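Just below is one structure, and these are the notes that go with it.
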Amino acid sequence: MPADDTAPMPLDDPAVIAAVERWMPGTRWYPLKGVEAAVSLERTWHLGDETAILLLRAGELLLQVPVAWRSEPGAAPIAELDGRWLVDGCADPAAVAALLDVAAGGRTVPGLTGQASRRPADGAVRVVSGEQSNTSIIGGDGTWIAKVFRVVAPGDNPDVVVTGALTRQGTASVPHLLASLSGSWPAGAAEVTGHLVAVSAFVQGGEDAWALFRAHALATVRHEAQRGDAPDARALGTAVATVHRELASALGTAEAGTDDTARFVAGLEQRLAWARDEAAEVLQPLDVGLSRAAEALRALDGLGALQQIHGDLHLGQVLRDRDGRWILLDFEGEPLRPLHERMVREPRLRDVVGMLRSFDYAAGSALQESPEGEPSAAGDWVVARQAEFLEGYGIELGAVDPHDPVLRALLLDKALYEVVYELRNRPDWLPVPLAAVRALVG
Ligand SMILES: Nc1ncnc2c1ncn2[C@@H]1O[C@H](COP(=O)(O)OP(=O)(O)O)[C@@H](O)[C@H]1O
Ligand SMILES: O=P(O)(O)O[C@H]1O[C@H](CO)[C@@H](O[C@H]2O[C@H](CO)[C@@H](O)[C@H](O)[C@H]2O)[C@H](O)[C@H]1O
């Protein structure tokens with residue numbers, strides 16, 4: 001029988017996959033920039049309305065790409081094929097509505113499962129533009145935000161499970177989870193399941209803590225007289241401690257035993273080795289100091305209580321709401337860490353360190369923008385914000401010793417992670433974490 005010329009090309013046609021493969025490296029979220037990775041189709045979920053979610057294997061990663069056929073290029077075209085537009089489903093209102101229908105149980109798609117307290121409202125959609133490893137879509141006239149996880153893995157995504165637990169607990173400083181979507185795909189002879197999308201309440205009028213603190217750091221290094229008081233790092237410390245308390249009560253705690261300490265130290269050693277390997281070209285000059293740091297890890301002890309933490313806490317994960325309260329976002333953990341490692345109980349200090357590093361980043365990035373600025377003013381600014389943060393944290397959960405060896409080891413661990421993250425994603429930012437590594441091992 002002759003082929004039907006008028007039938008639209010299926011969304012899992014090799015020409016579609018090839019177009020997506022060409023488009024992905026130019027997106028902010030693509031995690032394999034600069035790496036040669038073969039791309040192949042693992043599974044397609046057809047949602048109807050000429051919309052599908054493609055699950056692509058790229059190197060060792062599984063990537064989620066919602067796509068749709070449209071007659072117009074729309075806000076985010078991928079390619080024009082056979083006179084029609086292949087578009088990024090995240091920026092297409094009908095494709096987003098289809099995703100929400102499935103999440104809320106209003107549309108059944110084999111291999112997809114939704115969970116929702118109610119169907120998030122329809123309306124205009126807007127993709128968040130920013131420094132993101134995933135893609136977030138604001139919709140329902142600014143009432144919800146849907147996060148499409150770009151790197152997908154079998155198992156629970158903490159952004160769904162941890163945010164879900166805090167939502168059930170009624171935690172005030174976290175946006176509540178409204179819905180989620182998970183998918184199943186074949187893995188050898190078995191089927192595995194992983195989360196694809198999380199929909200949360202949108203914090204309207206929220207101000208980004210990164211922007212607030214960085215603006216103040218910039219004004220400080222430039223000695224601007226009108227800079228006013230710094231944002232309230234003390235209250236931020238208290239908010240983080242409160243969320244830690246809520247996480248402990250929702251998901252439990254355990255006193256670290258010798259096995260936990262051994263696992264923790266092994267994790268730090270592995271990460272140190274991983275970073276030295278991944279960022280050899282920039283870390284080699286620090287070989288002696290890094291080897292000394294690796295030795296010192298073996299003496300670590302006294303982890304204290306372990307619990308579920310945020311896992312990737314930094315200023316970009318915090319908003320100040322209209323009432324001036326600090327709200328913590330994104331409990332997904334570090335995007336470069338395997339998913340199964342992200343729901344392991346950890347010392348709370350890991351999150352504390354995330355924030356301490358972030359104040360350093362704010363000042364470092366201010367100096368990058370304003371190289372004529374004064375480095376000592378930047379240094380003083382960081383010390384002051386870190387001290388305020390620790391003080392606020394201590395009010396709620398007890399004093400933190402800035403010289404605690406566990407804290408120092410975690411600071412190095414985070415800075416090394418950042419070196420790899422920046423090399424892969426934003427090489428211009430590399431000097432910021434590299435200076436921290438140098439200071440910590442020097
Ligand atoms: N519930 C929310 N309310 C308001 N803005 C949000 C909310 N969740 C995320 N955002 C905005 O979207 C950005 C990215 O979200 P995030 O969950 O951190 O994604 P990623 O893991 O990809 O970095 C945040 O920095 C924030 O500006
Ligand atoms: O927000 P994500 O979960 O995607 O986290 C990743 O990207 C962050 C950058 O957007 C990165 O954070 C690093 O840069 C921040 C400034 O942009 C800085 O405040 C953080 O302290 C620094 O770690 C994060 O490490 C990465 O996992």
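A note on labels: chains of the structure tokens are A, B, ... as shown, every chain counts residues from 1, and ligands are counted from 1 in their shown order.
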Excluding Asp330 in chain A and any residue of its chain fewer than 6 positions from it, enumerate the residues within 10 Å of it, using only C-alpha atoms, and give them as a list in words. Lys147, Pro158, Asp159, Val160, Val162, Thr163, Val174, Pro175, His310, Gly311, Asp312, Leu313, Gly316, Gln317 and Val318 of chain A
Let me see the file: selected residues, N, CA and C atoms, as a PDB file, in the first residue's frame.
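The result, stored in selection-v4.pdb:
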ATOM      1  N   LYS A 147       7.374  22.201  37.601  1.00  0.00           N
ATOM      2  CA  LYS A 147       8.783  21.951  37.274  1.00  0.00           C
ATOM      3  C   LYS A 147       8.885  20.659  36.486  1.00  0.00           C
ATOM      4  N   PRO A 158      13.175  13.736  45.282  1.00  0.00           N
ATOM      5  CA  PRO A 158      12.893  14.388  46.565  1.00  0.00           C
ATOM      6  C   PRO A 158      12.055  15.656  46.428  1.00  0.00           C
ATOM      7  N   ASP A 159      12.095  16.295  45.253  1.00  0.00           N
ATOM      8  CA  ASP A 159      11.277  17.497  45.091  1.00  0.00           C
ATOM      9  C   ASP A 159       9.790  17.168  45.220  1.00  0.00           C
ATOM     10  N   VAL A 160       9.424  15.925  44.891  1.00  0.00           N
ATOM     11  CA  VAL A 160       8.027  15.496  45.056  1.00  0.00           C
ATOM     12  C   VAL A 160       7.836  14.933  46.470  1.00  0.00           C
ATOM     13  N   VAL A 162       9.822  14.950  49.310  1.00  0.00           N
ATOM     14  CA  VAL A 162      10.129  15.789  50.476  1.00  0.00           C
ATOM     15  C   VAL A 162       9.156  16.968  50.540  1.00  0.00           C
ATOM     16  N   THR A 163       8.926  17.629  49.399  1.00  0.00           N
ATOM     17  CA  THR A 163       7.964  18.741  49.410  1.00  0.00           C
ATOM     18  C   THR A 163       6.583  18.223  49.791  1.00  0.00           C
ATOM     19  N   VAL A 174       7.602  26.781  52.899  1.00  0.00           N
ATOM     20  CA  VAL A 174       7.829  25.997  51.680  1.00  0.00           C
ATOM     21  C   VAL A 174       6.543  26.053  50.843  1.00  0.00           C
ATOM     22  N   PRO A 175       6.630  26.313  49.509  1.00  0.00           N
ATOM     23  CA  PRO A 175       5.402  26.303  48.699  1.00  0.00           C
ATOM     24  C   PRO A 175       4.821  24.892  48.663  1.00  0.00           C
ATOM     25  N   HIS A 310      17.742  19.804  52.666  1.00  0.00           N
ATOM     26  CA  HIS A 310      17.377  20.357  51.365  1.00  0.00           C
ATOM     27  C   HIS A 310      18.271  19.751  50.291  1.00  0.00           C
ATOM     28  N   GLY A 311      19.587  19.798  50.527  1.00  0.00           N
ATOM     29  CA  GLY A 311      20.516  19.092  49.641  1.00  0.00           C
ATOM     30  C   GLY A 311      21.206  19.954  48.604  1.00  0.00           C
ATOM     31  N   ASP A 312      20.634  21.082  48.245  1.00  0.00           N
ATOM     32  CA  ASP A 312      21.306  21.973  47.275  1.00  0.00           C
ATOM     33  C   ASP A 312      20.918  23.409  47.614  1.00  0.00           C
ATOM     34  N   LEU A 313      21.086  23.739  48.870  1.00  0.00           N
ATOM     35  CA  LEU A 313      20.578  25.034  49.317  1.00  0.00           C
ATOM     36  C   LEU A 313      21.541  26.154  48.913  1.00  0.00           C
ATOM     37  N   GLY A 316      19.700  31.181  45.375  1.00  0.00           N
ATOM     38  CA  GLY A 316      18.750  31.077  44.265  1.00  0.00           C
ATOM     39  C   GLY A 316      17.567  30.171  44.581  1.00  0.00           C
ATOM     40  N   GLN A 317      17.608  29.500  45.701  1.00  0.00           N
ATOM     41  CA  GLN A 317      16.512  28.598  46.101  1.00  0.00           C
ATOM     42  C   GLN A 317      15.635  29.253  47.164  1.00  0.00           C
ATOM     43  N   VAL A 318      15.804  30.552  47.342  1.00  0.00           N
ATOM     44  CA  VAL A 318      15.080  31.235  48.425  1.00  0.00           C
ATOM     45  C   VAL A 318      14.373  32.464  47.854  1.00  0.00           C
TER      46      VAL A 318
END
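Neighbouring residues of Thr253 in chain A at 9 Å or closer, counting only C-alpha atoms and skipping chain neighbours under 6 positions away, are Leu247, Ala305, Leu306, Gln307, Gln308 and Arg345 of chain A.
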Each residue of chain A with at least one atom at most 9 Å from ligand 1 should appear once, together with its nearest atom pair and the corresponding distance in Å (one decimal); atoms considered: only C-alpha atoms and all ligand atoms; ordering: chain, then increasing residue number; output as a tab-separated table.
residue	atom	partner	partner_atom_place_in_ligand_line	distance
A:Trp29	CA	ligand 1	22 (O)	7.8
A:Val128	CA	ligand 1	12 (O)	6.1
A:Ser129	CA	ligand 1	13 (C)	8.2
A:Gly130	CA	ligand 1	13 (C)	7.0
A:Glu131	CA	ligand 1	23 (O)	6.7
A:Gln132	CA	ligand 1	22 (O)	4.0
A:Ser133	CA	ligand 1	22 (O)	4.1
A:Asn134	CA	ligand 1	22 (O)	3.7
A:Thr135	CA	ligand 1	22 (O)	5.9
A:Ser136	CA	ligand 1	12 (O)	6.1
A:Ile137	CA	ligand 1	12 (O)	8.3
A:Ile138	CA	ligand 1	5 (N)	8.1
A:Gly142	CA	ligand 1	4 (C)	8.7
A:Thr143	CA	ligand 1	3 (N)	8.6
A:Trp144	CA	ligand 1	1 (N)	7.0
A:Ile145	CA	ligand 1	1 (N)	5.9
A:Ala146	CA	ligand 1	8 (N)	8.1
A:Lys147	CA	ligand 1	17 (O)	6.7
A:Val148	CA	ligand 1	22 (O)	8.4
A:Phe149	CA	ligand 1	22 (O)	7.6
A:Arg150	CA	ligand 1	22 (O)	8.5
A:Asp159	CA	ligand 1	17 (O)	8.3
A:Val174	CA	ligand 1	1 (N)	7.8
A:Pro175	CA	ligand 1	1 (N)	5.0
A:His176	CA	ligand 1	1 (N)	7.7
A:Leu177	CA	ligand 1	1 (N)	8.7
A:Val199	CA	ligand 1	1 (N)	8.5
A:Ser200	CA	ligand 1	1 (N)	5.5
A:Ala201	CA	ligand 1	1 (N)	5.2
A:Phe202	CA	ligand 1	3 (N)	3.6
A:Val203	CA	ligand 1	3 (N)	3.7
A:Gln204	CA	ligand 1	4 (C)	6.2
A:Gly205	CA	ligand 1	4 (C)	7.8
A:Gly206	CA	ligand 1	4 (C)	6.1
A:Glu207	CA	ligand 1	27 (O)	7.8
A:Asp208	CA	ligand 1	27 (O)	5.9
A:Ala209	CA	ligand 1	25 (O)	8.8
A:Trp210	CA	ligand 1	25 (O)	8.6
A:Asp312	CA	ligand 1	21 (O)	8.9
A:Leu315	CA	ligand 1	25 (O)	8.5
A:Gly316	CA	ligand 1	25 (O)	4.9
A:Gln317	CA	ligand 1	18 (O)	5.1
A:Val318	CA	ligand 1	25 (O)	7.0
A:Leu319	CA	ligand 1	26 (C)	7.1
A:Asp321	CA	ligand 1	4 (C)	8.9
A:Ile327	CA	ligand 1	1 (N)	8.7
A:Leu328	CA	ligand 1	8 (N)	8.7
A:Leu329	CA	ligand 1	8 (N)	5.7
A:Asp330	CA	ligand 1	17 (O)	4.0
A:Phe331	CA	ligand 1	17 (O)	7.5
A:Glu332	CA	ligand 1	21 (O)	6.5
A:Gly333	CA	ligand 1	21 (O)	8.1
A:Glu334	CA	ligand 1	21 (O)	8.3
A:Pro335	CA	ligand 1	21 (O)	7.5
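Remark: for ligand 2, the closest of the candidate residues A:Cys90, A:Ala296, A:Leu416, A:Ala266 is A:Leu416 (distances computed over only C-alpha atoms and all ligand atoms).
Among the residues of range 250-368 of chain A, backbone DSSP assigns strand (DSSP E) to Thr253, Ala254, Glu255, Ala305, Leu306, Gln307, Val318, Leu319, Arg320, Trp326, Ile327, Leu328, Glu346 and Pro347 of chain A.
Interatomic distance, CA of Ile17 in chain A against CA of Glu50 in chain A: 15.4 Å.
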Distance criterion (only C-alpha atoms and all ligand atoms): nearest to ligand 2 out of A:Ala153, A:Val39, A:Ala211, A:Met343: A:Ala211
Would you list the contacts of Ala165 in chain A as an mmCIF file with N, CA and C atoms, in the first residue's frame, taking every protein, DNA or RNA residue within 8 Å and counting only C-alpha atoms, but skipping same-chain residues closer than 3 positions in sequence?
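out-v1.cif, written as the output of this step:
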data_model
loop_
_atom_site.group_PDB
_atom_site.id
_atom_site.type_symbol
_atom_site.label_atom_id
_atom_site.label_comp_id
_atom_site.auth_asym_id
_atom_site.auth_seq_id
_atom_site.Cartn_x
_atom_site.Cartn_y
_atom_site.Cartn_z
ATOM 1 N N VAL A 161 8.725 14.029 46.860
ATOM 2 C CA VAL A 161 8.490 13.293 48.103
ATOM 3 C C VAL A 161 8.723 14.186 49.328
ATOM 4 N N VAL A 162 9.822 14.950 49.310
ATOM 5 C CA VAL A 162 10.129 15.789 50.476
ATOM 6 C C VAL A 162 9.156 16.968 50.540
ATOM 7 N N ARG A 168 2.141 18.052 53.667
ATOM 8 C CA ARG A 168 1.204 17.359 54.568
ATOM 9 C C ARG A 168 1.357 17.874 55.993
ATOM 10 N N GLN A 169 2.575 18.265 56.318
ATOM 11 C CA GLN A 169 2.861 18.753 57.667
ATOM 12 C C GLN A 169 2.418 20.209 57.865
ATOM 13 N N ALA A 250 8.986 15.491 60.056
ATOM 14 C CA ALA A 250 8.218 14.774 59.020
ATOM 15 C C ALA A 250 8.884 13.462 58.624
ATOM 16 N N LEU A 251 10.212 13.447 58.574
ATOM 17 C CA LEU A 251 10.888 12.278 57.986
ATOM 18 C C LEU A 251 11.882 11.602 58.926
#
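In this comparison, which uses only C-alpha atoms and all ligand atoms, the residue of A:Ser370, A:Gln64, A:Ser180, A:Asn425 approaching ligand 2 most closely is A:Asn425.
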I'd like the contact shell of Ala230 in chain A - 10 Å cut-off, only C-alpha atoms, skipping same-chain residues fewer than 5 positions apart - returned as a ChimeraX atom specification. /A:212-217,220,381,384-385
Neighbouring residues of Leu407 in chain A were defined as those with any atom within 8 Å, considering only C-alpha atoms; residues of the same chain fewer than 5 positions away were excluded. Please report them as a PyMOL selection string. chain A and resi 349-350+353+402
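Minimum distance to Gly111 in chain A across A:Ala58, A:Ala91, A:Thr193, A:Ala294 (counting only C-alpha atoms) occurs at A:Thr193.
Distances here use only C-alpha atoms; by that measure, the residue among A:Leu412, A:Ala254, A:Leu397, A:Ala68 closest to Ala241 in chain A is A:Leu397.
Proximity ranking of A:Leu430, A:Leu218, A:Ala75, A:Leu300 relative to Phe359 in chain A places A:Leu218 first, based on only C-alpha atoms.
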Shell of 12 Å around Pro31 in chain A, only C-alpha atoms, local chain residues under 4 positions omitted, as a PDB file with C-alpha atoms, in the first residue's frame:
ATOM      1  CA  MET A  24      19.133  20.474  23.088  1.00  0.00           C
ATOM      2  CA  PRO A  25      22.777  21.602  23.467  1.00  0.00           C
ATOM      3  CA  GLY A  26      21.667  25.236  23.013  1.00  0.00           C
ATOM      4  CA  THR A  27      19.254  25.082  25.956  1.00  0.00           C
ATOM      5  CA  VAL A  35      30.374  16.309  25.792  1.00  0.00           C
ATOM      6  CA  GLU A  36      29.970  13.952  22.809  1.00  0.00           C
ATOM      7  CA  ALA A  37      26.868  11.917  23.662  1.00  0.00           C
ATOM      8  CA  ALA A  58      21.935  10.908  26.057  1.00  0.00           C
ATOM      9  CA  GLY A  59      25.152   9.238  27.113  1.00  0.00           C
ATOM     10  CA  GLU A  60      24.376   7.802  30.552  1.00  0.00           C
ATOM     11  CA  LEU A  61      21.524  10.204  31.273  1.00  0.00           C
ATOM     12  CA  LEU A  62      17.803  10.032  30.605  1.00  0.00           C
ATOM     13  CA  LEU A  63      16.365  13.350  29.482  1.00  0.00           C
ATOM     14  CA  GLN A  64      12.724  14.406  29.355  1.00  0.00           C
ATOM     15  CA  GLN A 132      17.981  26.518  35.860  1.00  0.00           C
ATOM     16  CA  SER A 133      18.854  22.867  35.508  1.00  0.00           C
ATOM     17  CA  ASN A 134      15.181  22.045  34.876  1.00  0.00           C
ATOM     18  CA  PHE A 149      12.549  17.496  35.531  1.00  0.00           C
ATOM     19  CA  ARG A 150      14.944  17.390  32.608  1.00  0.00           C
ATOM     20  CA  VAL A 151      17.189  14.636  33.925  1.00  0.00           C
ATOM     21  CA  VAL A 152      14.976  11.701  34.870  1.00  0.00           C
ATOM     22  CA  PRO A 335      21.393  17.947  39.908  1.00  0.00           C
ATOM     23  CA  LEU A 336      24.852  16.406  39.356  1.00  0.00           C
ATOM     24  CA  VAL A 420      32.682  20.943  38.094  1.00  0.00           C
ATOM     25  CA  TYR A 421      29.222  22.527  37.777  1.00  0.00           C
ATOM     26  CA  GLU A 422      30.669  25.789  36.447  1.00  0.00           C
ATOM     27  CA  LEU A 423      33.090  24.047  34.075  1.00  0.00           C
ATOM     28  CA  ARG A 424      30.132  22.233  32.543  1.00  0.00           C
ATOM     29  CA  ASN A 425      27.593  25.014  32.605  1.00  0.00           C
ATOM     30  CA  ARG A 426      29.071  28.496  33.088  1.00  0.00           C
TER      31      ARG A 426
END
